[in-house]
Amino acid sequence: MGLRAPPIRSILTQDTSSVCSQCWRKLLRWPTPRRQPFSNMSSSRHAVAVGKSRNSFSKDYFWTNSTLRETLGQSLARSRRDIQSSIASARPETAAPAGAEQPEHAETSENVLPHRRRKRRRELEAAENTAQNYPIALDASAQLADISSKLPQRSLKRIFTTYLSLSKPRLSFLVVLTATAAYSLYPVPGLLAPAATATPSLSTLTLFFLTSGTALCSASANAFNMLMEPEHDAKMSRTRNRPLVRKLISTRGAVIFAVACGALGTGALYYGVNPTTAFLGFTNIVLYAGCYTPLKRMHVVNTWIGAIVGGIPPLMGWTAAAGQCAHDGTWQELLFGENSAGGWLCAALLFAWQFPHFNSLSWSIREEYKYAGYRMLAWVNPAQNGRVALRYAVLMFPVCIGLSLCGVTDWSFIATSSVVNGWMVWKAVEFWREQGHKGTARSLFWASVWHLPIVMVLAMAQKKGLGERVYRSIFGYPDDEDDLYYEVGEYEGEEEKVKAVVERGRTV
Ligand SMILES: CC(C)=CCC/C(C)=C/CC/C(C)=C/COP(=O)(O)OP(=O)(O)O
């Protein structure tokens, strides 16, 4: 019985040490098979592997895709090794000691003994398992693009899913949540309360325009971001499945989507919220697409610009709320008026949070970032990467204390937020001390994932005066007389403000 040589490509994508030396020598003599065209269709939209369902994309798909063929074809083996070593080192049990280099696969198959080969194969299998436990959450755009590629061509569901994947839906959702949290934290004057014991509330319609406008602006920013870097996204396993990399969507379609979302989002914020919030939304699109995205490949300062981009949505939520209680509603009043400190503190919270979050995330996949040409501290300067993450984790303390000092949250928030911030700082200290090794990057990343929603929920639950109102309404205590009656002239300014707000509400 004659031995059939395995397909050369399957060998190339495997570690060479898993091939026995005899087979390897045979393979080297074997003529390289001509690569089969996987599709004879000119349109990449139809590019699917021969023999597969028209709607199914497999990894063979990538050989028909020019962007991926260039980036993957020559360096798949190298990238696999780097990614696996980077993932493996993010896990405590496989972590290399600080400063130690990952072992290079320097030995050739010929001089590797059989038991060594078996050991290497087991290590590779372990790395494959590790890859399944990728240190970070899988990219929602890539997941959606994968789903859309399996849907029937030209179906509405496929078109919708593909465009949705262009908006980075998970990130956009988080962005909207941060804006909404800040909106709900705004200290609404008690006189706007519908009843003495009820919580003073802001307009639901404004909230609707705030959320939809912010979501559209974020979708636009993300689509521009993806439009600018498909060939780099193609080099990272987290992003190589994105719609523009896979050419599930044309560049023209993506540009139209980005421009339309930007115009609609800014319009919704302008007409439904206020011009200041609309200006912030538009500026953020420009900052993210025009500044942060190109800087990713130029200088590590990109992370600070990205952190500003992440900090602006809470400020938008704040100005949206402030606009309803403002006297004249100018940008000076909304951004630098009496109550504006809370908005800046919410923005600072998001700004600072991104460093422990992103620095730990990027450390875990630093080889991918390096290979894709993104200049991130995680590989440019790992020691500074740890220091920066720790510094900004510590900054969470004064920011949260500031929220209580400004009257946004009750004093009890200092205690509860300190517990959560202390936990994050502890993880950041470990991350800094071990420089990401021994699983510290992974645990800081997950601590940051939990940290932000916990702090936001705590701030909302401990919003100034909320506990007292809930207590009174549950136990039926009469309201504090001082709250209901006031000295003549004491609240003249407040009254005027309320009148102006009511008037504006009538005219809208
Ligand atoms: C209102 C409005 C316009 C909001 C926009 C908010 C927004 C898009 C925040 C993203 C912040 C950020 C630095 C993400 C990482 O991008 P990346 O390019 O490093 O991510 P990637 O590697 O997944 O592409």
# chains A, B, ... in the order shown; residues from 1 in each chain; ligands from 1
$ closest_atom_pairs --of "range 250-282 of chain A" --to "range 313-328 of chain A" --cutoff "10 Å" --atoms "only C-alpha atoms" --output "tab-separated table"
residue	atom	partner	partner_atom	distance
A:Leu269	CA	A:Ala320	CA	8.8
A:Gly272	CA	A:Ala320	CA	9.5
A:Val273	CA	A:Ala320	CA	5.8
A:Asn274	CA	A:Ala320	CA	6.7
A:Pro275	CA	A:Ala320	CA	9.5
A:Thr276	CA	A:Thr319	CA	7.2
A:Thr277	CA	A:Met316	CA	5.2
A:Ala278	CA	A:Met316	CA	8.2
A:Phe279	CA	A:Met316	CA	9.2
A:Leu280	CA	A:Met316	CA	6.5
A:Gly281	CA	A:Met316	CA	7.3
$ write_last_selection --atoms "C-alpha atoms" --output "compact mmCIF listing (two decimals), in the first residue's frame"
# COMPACT_ATOMS: atom_id res chain seq x y z
CA LEU A 269 -28.61 64.65 18.94
CA GLY A 272 -33.71 65.80 19.95
CA VAL A 273 -31.14 66.68 22.63
CA ASN A 274 -29.12 69.88 22.20
CA PRO A 275 -26.39 71.31 19.93
CA THR A 276 -23.65 70.86 22.54
CA THR A 277 -24.29 67.12 22.79
CA ALA A 278 -24.45 66.89 19.00
CA PHE A 279 -21.14 68.71 18.74
CA LEU A 280 -19.56 66.27 21.21
CA GLY A 281 -20.90 63.30 19.22
$ residues_near_ligand --ligand "ligand 1" --cutoff "6 Å" --atoms "only C-alpha atoms and all ligand atoms" --output "ChimeraX atom specification"
/A:175,214,217-218,221-222,281,284-285,306-307,309-310,313
$ write_last_selection --atoms "N, CA and C atoms" --output "mmCIF file, in the first residue's frame"
data_model
loop_
_atom_site.group_PDB
_atom_site.id
_atom_site.type_symbol
_atom_site.label_atom_id
_atom_site.label_comp_id
_atom_site.auth_asym_id
_atom_site.auth_seq_id
_atom_site.Cartn_x
_atom_site.Cartn_y
_atom_site.Cartn_z
ATOM 1 N N VAL A 175 -21.009 51.924 24.899
ATOM 2 C CA VAL A 175 -20.873 53.377 24.793
ATOM 3 C C VAL A 175 -22.207 54.042 25.171
ATOM 4 N N THR A 214 -26.436 58.613 20.044
ATOM 5 C CA THR A 214 -25.100 58.148 20.453
ATOM 6 C C THR A 214 -24.770 56.824 19.763
ATOM 7 N N CYS A 217 -23.855 57.560 16.169
ATOM 8 C CA CYS A 217 -22.527 58.179 16.066
ATOM 9 C C CYS A 217 -21.434 57.141 16.305
ATOM 10 N N SER A 218 -21.669 56.278 17.280
ATOM 11 C CA SER A 218 -20.675 55.244 17.574
ATOM 12 C C SER A 218 -20.551 54.271 16.396
ATOM 13 N N ALA A 221 -18.481 55.977 13.768
ATOM 14 C CA ALA A 221 -17.050 56.012 14.129
ATOM 15 C C ALA A 221 -16.417 54.639 13.911
ATOM 16 N N ASN A 222 -17.131 53.594 14.314
ATOM 17 C CA ASN A 222 -16.584 52.231 14.188
ATOM 18 C C ASN A 222 -16.476 51.790 12.734
ATOM 19 N N GLY A 281 -20.770 64.557 19.982
ATOM 20 C CA GLY A 281 -20.900 63.300 19.216
ATOM 21 C C GLY A 281 -20.108 63.371 17.915
ATOM 22 N N ASN A 284 -16.399 63.405 18.464
ATOM 23 C CA ASN A 284 -15.886 62.086 18.850
ATOM 24 C C ASN A 284 -15.672 61.181 17.630
ATOM 25 N N ILE A 285 -16.545 61.333 16.633
ATOM 26 C CA ILE A 285 -16.358 60.537 15.400
ATOM 27 C C ILE A 285 -15.024 60.949 14.763
ATOM 28 N N GLY A 306 -7.501 57.360 22.495
ATOM 29 C CA GLY A 306 -8.617 56.406 22.549
ATOM 30 C C GLY A 306 -9.377 56.527 23.869
ATOM 31 N N ALA A 307 -8.631 56.798 24.956
ATOM 32 C CA ALA A 307 -9.284 56.925 26.262
ATOM 33 C C ALA A 307 -10.160 58.185 26.307
ATOM 34 N N VAL A 309 -11.678 59.384 23.681
ATOM 35 C CA VAL A 309 -12.855 58.999 22.877
ATOM 36 C C VAL A 309 -13.853 58.229 23.753
ATOM 37 N N GLY A 310 -13.350 57.330 24.562
ATOM 38 C CA GLY A 310 -14.232 56.553 25.450
ATOM 39 C C GLY A 310 -14.839 57.398 26.557
ATOM 40 N N PRO A 313 -18.604 59.943 25.625
ATOM 41 C CA PRO A 313 -20.036 59.582 25.745
ATOM 42 C C PRO A 313 -20.673 59.879 27.114
#
$ residues_around --residues "range 293-301 of chain A" --least-positions-apart "2" --cutoff "7 Å" --atoms "only C-alpha atoms" --output "JSON, numbers by chain"
{"A": [225, 288, 289, 290, 291, 303, 304, 305, 373, 374, 375, 376, 377]}
$ atom_distance --atom1 "CA of Val259 in chain A" --atom2 "CA of His232 in chain A"
22.2 Å
$ closest_residue --among "A:Val245, A:Ala459, A:Ile454, A:Val425" --to "Leu403 in chain A" --atoms "only C-alpha atoms"
A:Ala459
$ atom_distance --atom1 "CA of Leu151 in chain A" --atom2 "CA of Ala254 in chain A"
19.1 Å
$ select_by_dssp --residues "range 415-446 of chain A" --states "alpha helix (DSSP H)" --output "list of chain:residue names"
A:Ala415, A:Thr416, A:Ser417, A:Ser418, A:Val419, A:Val420, A:Asn421, A:Gly422, A:Trp423, A:Met424, A:Val425, A:Trp426, A:Lys427, A:Ala428, A:Val429, A:Glu430, A:Phe431, A:Trp432, A:Arg433, A:Glu434, A:Thr440, A:Ala441, A:Arg442, A:Ser443, A:Leu444, A:Phe445, A:Trp446
$ write_last_selection --atoms "C-alpha atoms" --output "PDB file, in the first residue's frame"
ATOM      1  CA  ALA A 415     -17.000  53.414  50.900  1.00  0.00           C
ATOM      2  CA  THR A 416     -18.595  51.072  48.371  1.00  0.00           C
ATOM      3  CA  SER A 417     -16.650  52.340  45.353  1.00  0.00           C
ATOM      4  CA  SER A 418     -13.410  52.116  47.345  1.00  0.00           C
ATOM      5  CA  VAL A 419     -13.943  48.386  47.820  1.00  0.00           C
ATOM      6  CA  VAL A 420     -14.312  47.842  44.054  1.00  0.00           C
ATOM      7  CA  ASN A 421     -11.502  50.272  43.231  1.00  0.00           C
ATOM      8  CA  GLY A 422      -9.269  48.596  45.834  1.00  0.00           C
ATOM      9  CA  TRP A 423      -9.876  45.244  44.141  1.00  0.00           C
ATOM     10  CA  MET A 424      -8.933  46.680  40.754  1.00  0.00           C
ATOM     11  CA  VAL A 425      -5.804  48.355  42.171  1.00  0.00           C
ATOM     12  CA  TRP A 426      -4.752  45.075  43.779  1.00  0.00           C
ATOM     13  CA  LYS A 427      -5.063  43.322  40.396  1.00  0.00           C
ATOM     14  CA  ALA A 428      -3.212  46.211  38.729  1.00  0.00           C
ATOM     15  CA  VAL A 429      -0.378  45.944  41.287  1.00  0.00           C
ATOM     16  CA  GLU A 430      -0.020  42.234  40.474  1.00  0.00           C
ATOM     17  CA  PHE A 431      -0.090  43.029  36.761  1.00  0.00           C
ATOM     18  CA  TRP A 432       2.584  45.709  37.163  1.00  0.00           C
ATOM     19  CA  ARG A 433       4.770  43.554  39.444  1.00  0.00           C
ATOM     20  CA  GLU A 434       4.665  40.483  37.190  1.00  0.00           C
ATOM     21  CA  THR A 440      -2.012  38.662  36.010  1.00  0.00           C
ATOM     22  CA  ALA A 441      -2.986  40.228  32.659  1.00  0.00           C
ATOM     23  CA  ARG A 442      -5.931  37.930  32.388  1.00  0.00           C
ATOM     24  CA  SER A 443      -7.150  38.597  35.921  1.00  0.00           C
ATOM     25  CA  LEU A 444      -6.748  42.389  35.580  1.00  0.00           C
ATOM     26  CA  PHE A 445      -8.678  42.260  32.317  1.00  0.00           C
ATOM     27  CA  TRP A 446     -11.594  40.388  33.901  1.00  0.00           C
TER      28      TRP A 446
END
$ closest_residue --among "A:Leu210, A:Leu185, A:Leu164, A:Met226" --to "Cys346 in chain A" --atoms "only C-alpha atoms"
A:Leu185
$ atom_distance --atom1 "CA of Trp331 in chain A" --atom2 "CA of Gly262 in chain A"
20.9 Å
$ residues_around --residues "Leu244 in chain A" --least-positions-apart "5" --cutoff "8 Å" --atoms "only C-alpha atoms" --output "list in words"
Met226, Leu227, Pro230, Ile249, Ser250 and Thr251 of chain A
$ residues_around --residues "range 391-396 of chain A" --least-positions-apart "2" --cutoff "7 Å" --atoms "only C-alpha atoms" --output "PyMOL selection string"
chain A and resi 349+352-353+355-356+387-389+398-400+421+424-425+428
$ write_last_selection --atoms "N, CA and C atoms" --output "PDB file, in the first residue's frame"
ATOM      1  N   LEU A 349     -13.826  59.026  34.825  1.00  0.00           N
ATOM      2  CA  LEU A 349     -13.940  57.621  35.247  1.00  0.00           C
ATOM      3  C   LEU A 349     -13.737  56.689  34.052  1.00  0.00           C
ATOM      4  N   ALA A 352     -10.019  56.941  32.744  1.00  0.00           N
ATOM      5  CA  ALA A 352      -9.053  56.200  33.566  1.00  0.00           C
ATOM      6  C   ALA A 352      -9.262  54.692  33.457  1.00  0.00           C
ATOM      7  N   TRP A 353     -10.511  54.283  33.416  1.00  0.00           N
ATOM      8  CA  TRP A 353     -10.827  52.838  33.401  1.00  0.00           C
ATOM      9  C   TRP A 353     -10.213  52.120  32.195  1.00  0.00           C
ATOM     10  N   PHE A 355      -7.394  52.301  30.819  1.00  0.00           N
ATOM     11  CA  PHE A 355      -5.984  51.895  30.864  1.00  0.00           C
ATOM     12  C   PHE A 355      -5.794  50.506  31.479  1.00  0.00           C
ATOM     13  N   PRO A 356      -6.322  50.256  32.702  1.00  0.00           N
ATOM     14  CA  PRO A 356      -6.183  48.871  33.182  1.00  0.00           C
ATOM     15  C   PRO A 356      -6.879  47.885  32.248  1.00  0.00           C
ATOM     16  N   ARG A 387       2.943  50.041  34.526  1.00  0.00           N
ATOM     17  CA  ARG A 387       2.909  51.255  35.368  1.00  0.00           C
ATOM     18  C   ARG A 387       1.685  52.106  35.056  1.00  0.00           C
ATOM     19  N   VAL A 388       1.422  52.273  33.751  1.00  0.00           N
ATOM     20  CA  VAL A 388       0.295  53.119  33.328  1.00  0.00           C
ATOM     21  C   VAL A 388      -1.031  52.521  33.808  1.00  0.00           C
ATOM     22  N   ALA A 389      -1.162  51.200  33.656  1.00  0.00           N
ATOM     23  CA  ALA A 389      -2.402  50.535  34.093  1.00  0.00           C
ATOM     24  C   ALA A 389      -2.617  50.776  35.592  1.00  0.00           C
ATOM     25  N   PRO A 398      -9.763  58.984  43.635  1.00  0.00           N
ATOM     26  CA  PRO A 398     -10.177  60.406  43.708  1.00  0.00           C
ATOM     27  C   PRO A 398     -11.372  60.724  42.820  1.00  0.00           C
ATOM     28  N   VAL A 399     -11.488  60.017  41.677  1.00  0.00           N
ATOM     29  CA  VAL A 399     -12.630  60.314  40.783  1.00  0.00           C
ATOM     30  C   VAL A 399     -13.938  59.954  41.499  1.00  0.00           C
ATOM     31  N   CYS A 400     -13.971  58.787  42.122  1.00  0.00           N
ATOM     32  CA  CYS A 400     -15.213  58.375  42.809  1.00  0.00           C
ATOM     33  C   CYS A 400     -15.481  59.233  44.043  1.00  0.00           C
ATOM     34  N   ASN A 421     -12.748  49.677  43.749  1.00  0.00           N
ATOM     35  CA  ASN A 421     -11.502  50.272  43.231  1.00  0.00           C
ATOM     36  C   ASN A 421     -10.274  49.601  43.844  1.00  0.00           C
ATOM     37  N   MET A 424      -9.559  46.445  42.063  1.00  0.00           N
ATOM     38  CA  MET A 424      -8.933  46.680  40.754  1.00  0.00           C
ATOM     39  C   MET A 424      -7.459  47.084  40.938  1.00  0.00           C
ATOM     40  N   VAL A 425      -7.194  47.919  41.944  1.00  0.00           N
ATOM     41  CA  VAL A 425      -5.804  48.355  42.171  1.00  0.00           C
ATOM     42  C   VAL A 425      -4.949  47.155  42.557  1.00  0.00           C
ATOM     43  N   ALA A 428      -4.143  45.413  39.535  1.00  0.00           N
ATOM     44  CA  ALA A 428      -3.212  46.211  38.729  1.00  0.00           C
ATOM     45  C   ALA A 428      -1.800  46.150  39.311  1.00  0.00           C
TER      46      ALA A 428
END
$ closest_residue --among "A:Leu174, A:Ser212, A:Asn302, A:Tyr186" --to "Leu334 in chain A" --atoms "only C-alpha atoms"
A:Tyr186
